[in-house]
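This report concerns only the one structure given below.
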Amino acid sequence: MFKPPQLLIDSNYLCWRAHHSTGGLSHNGRPTGVIYGFLREITNLDRLFPGSPMIFCFDGPGEPVRLEIHPGYKANRKRMNKVERKTVQGQITELRTNLLGDLGYKNVFWQDGYEADDVIALLAGFLSVSEAGADCGSIVVSADADLLQILAPLVSIWNP
């Protein structure tokens, strides 16, 4: 019997992508653009991959462990103002800790000090060798080129 692949979603990637497309939306003065754009993308993924279980992977709170290894990590990134960053981070936290669970999604993962791609790599490796993933495979939903290193016979990448 066919089992649809599991979707390992780089949720922070989708949230930041939504920020750049719908980030200016609000309702009653409350910013909602990131949440709206993220949920719109999840709806699209459900249409593209019907029946595929979704596993949401988020950056954990706190400084990334990678900064201890390489203090210049992400130093070349354009900095946004603190208010804008706080607005986006607040919506990401709301999705991660409340909204996805309220919508019935149970597979929401993060780990303090680690980024979503670290969590995805760990889960992809586990699912590739476990009975749960052996007969259906996993599709990583991300544009992060670093994740190309986890491609395997049962792990593929979908770049939205």
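We label chains A, B, ... in the order they appear in the structure tokens, count residues from 1 in each chain, and number ligands from 1 in the order shown.
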Could you name the residues that touch Phe109 (chain A) at 8 Å or less, counting only C-alpha atoms, but leaving out those on the same chain fewer than 4 positions away, as a PyMOL selection string? chain A and resi 55-58+119
Please produce a file of those selected residues containing N, CA and C atoms, as a PDB file, in the first residue's frame.
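The resulting file, again_36.pdb, is reproduced below:
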```pdb
ATOM      1  N   ILE A  55       5.824  17.672   9.304  1.00  0.00           N
ATOM      2  CA  ILE A  55       6.651  17.766  10.492  1.00  0.00           C
ATOM      3  C   ILE A  55       7.291  19.154  10.454  1.00  0.00           C
ATOM      4  N   PHE A  56       6.927  19.985  11.416  1.00  0.00           N
ATOM      5  CA  PHE A  56       7.355  21.384  11.437  1.00  0.00           C
ATOM      6  C   PHE A  56       8.618  21.514  12.286  1.00  0.00           C
ATOM      7  N   CYS A  57       9.681  22.030  11.684  1.00  0.00           N
ATOM      8  CA  CYS A  57      10.955  22.206  12.381  1.00  0.00           C
ATOM      9  C   CYS A  57      11.263  23.695  12.466  1.00  0.00           C
ATOM     10  N   PHE A  58      11.516  24.164  13.680  1.00  0.00           N
ATOM     11  CA  PHE A  58      11.770  25.577  13.941  1.00  0.00           C
ATOM     12  C   PHE A  58      13.140  25.767  14.556  1.00  0.00           C
ATOM     13  N   VAL A 119      17.649  20.384  13.174  1.00  0.00           N
ATOM     14  CA  VAL A 119      16.549  19.495  13.574  1.00  0.00           C
ATOM     15  C   VAL A 119      16.106  18.643  12.383  1.00  0.00           C
TER      16      VAL A 119
END
```
List the neighbours of region 14-28 of chain A out to 9 Å using only C-alpha atoms; skip same-chain residues closer than 5 positions along the sequence, and give me the result as a ChimeraX atom specification. /A:9,33-38,41,88,91-92,141-142
Picked from region 27-111 of chain A by DSSP as helix (DSSP H, G or I), as a ChimeraX atom specification: /A:33-48,66-69,82-102
One number please: CA of Pro153 (chain A) to CA of Ile139 (chain A), in Å, one decimal.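 We find that CA of Pro153 (chain A) and CA of Ile139 (chain A) lie 10.9 Å from each other.
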Any idea what the distance is between CA of Gly113 (chain A) and CA of Leu100 (chain A)?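 Computed distance, CA of Gly113 (chain A) to CA of Leu100 (chain A), equals 21.2 Å.
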One-decimal distance in Å that lies between CA of Glu94 (chain A) and CA of Trp110 (chain A):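 Between these atoms lies a distance of 13.5 Å.
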Rank A:Asn107, A:Ser138, A:Ser156, A:Gln149 by their smallest atom-to-atom distance to Lys3 (chain A), using only C-alpha atoms, and report the top residue only.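 Using only C-alpha atoms, the shortest distance to Lys3 (chain A) belongs to A:Ser138.
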Shortest interatomic distance to Met54 (chain A) - which of A:Ala145, A:Ile157, A:Leu7, A:Ile150, counting only C-alpha atoms: A:Leu7
Mind checking DSSP for region 14-116 of chain A and telling me the strand (DSSP E or B) residues as a list of chain:residue names?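 Listing strand (DSSP E or B) positions across region 14-116 of chain A yields A:Ser26, A:His27, A:Arg30, A:Pro31, A:Met54, A:Ile55, A:Phe56, A:Cys57, A:Val108, A:Phe109.
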Selected residues written out, N, CA and C atoms, as a compact mmCIF listing (two decimals), in the first residue's frame:
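Once written, out.txt looks like this:
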```txt
# COMPACT_ATOMS: atom_id res chain seq x y z
N SER A 26 -1.91 43.12 8.80
CA SER A 26 -2.26 43.16 10.22
C SER A 26 -3.77 43.06 10.35
N HIS A 27 -4.20 42.75 11.55
CA HIS A 27 -5.63 42.69 11.87
C HIS A 27 -5.82 43.39 13.21
N ARG A 30 -2.72 44.35 15.01
CA ARG A 30 -1.79 43.28 15.38
C ARG A 30 -1.17 42.69 14.11
N PRO A 31 0.17 42.60 14.03
CA PRO A 31 0.81 42.02 12.85
C PRO A 31 0.41 40.56 12.66
N MET A 54 2.91 16.32 7.96
CA MET A 54 3.79 17.48 8.03
C MET A 54 4.51 17.50 9.37
N ILE A 55 5.82 17.67 9.30
CA ILE A 55 6.65 17.77 10.49
C ILE A 55 7.29 19.15 10.45
N PHE A 56 6.93 19.98 11.42
CA PHE A 56 7.35 21.38 11.44
C PHE A 56 8.62 21.51 12.29
N CYS A 57 9.68 22.03 11.68
CA CYS A 57 10.96 22.21 12.38
C CYS A 57 11.26 23.70 12.47
N VAL A 108 5.56 19.27 15.91
CA VAL A 108 6.23 20.57 15.94
C VAL A 108 7.49 20.41 16.79
N PHE A 109 8.65 20.62 16.16
CA PHE A 109 9.92 20.35 16.83
C PHE A 109 10.83 21.57 16.83
```
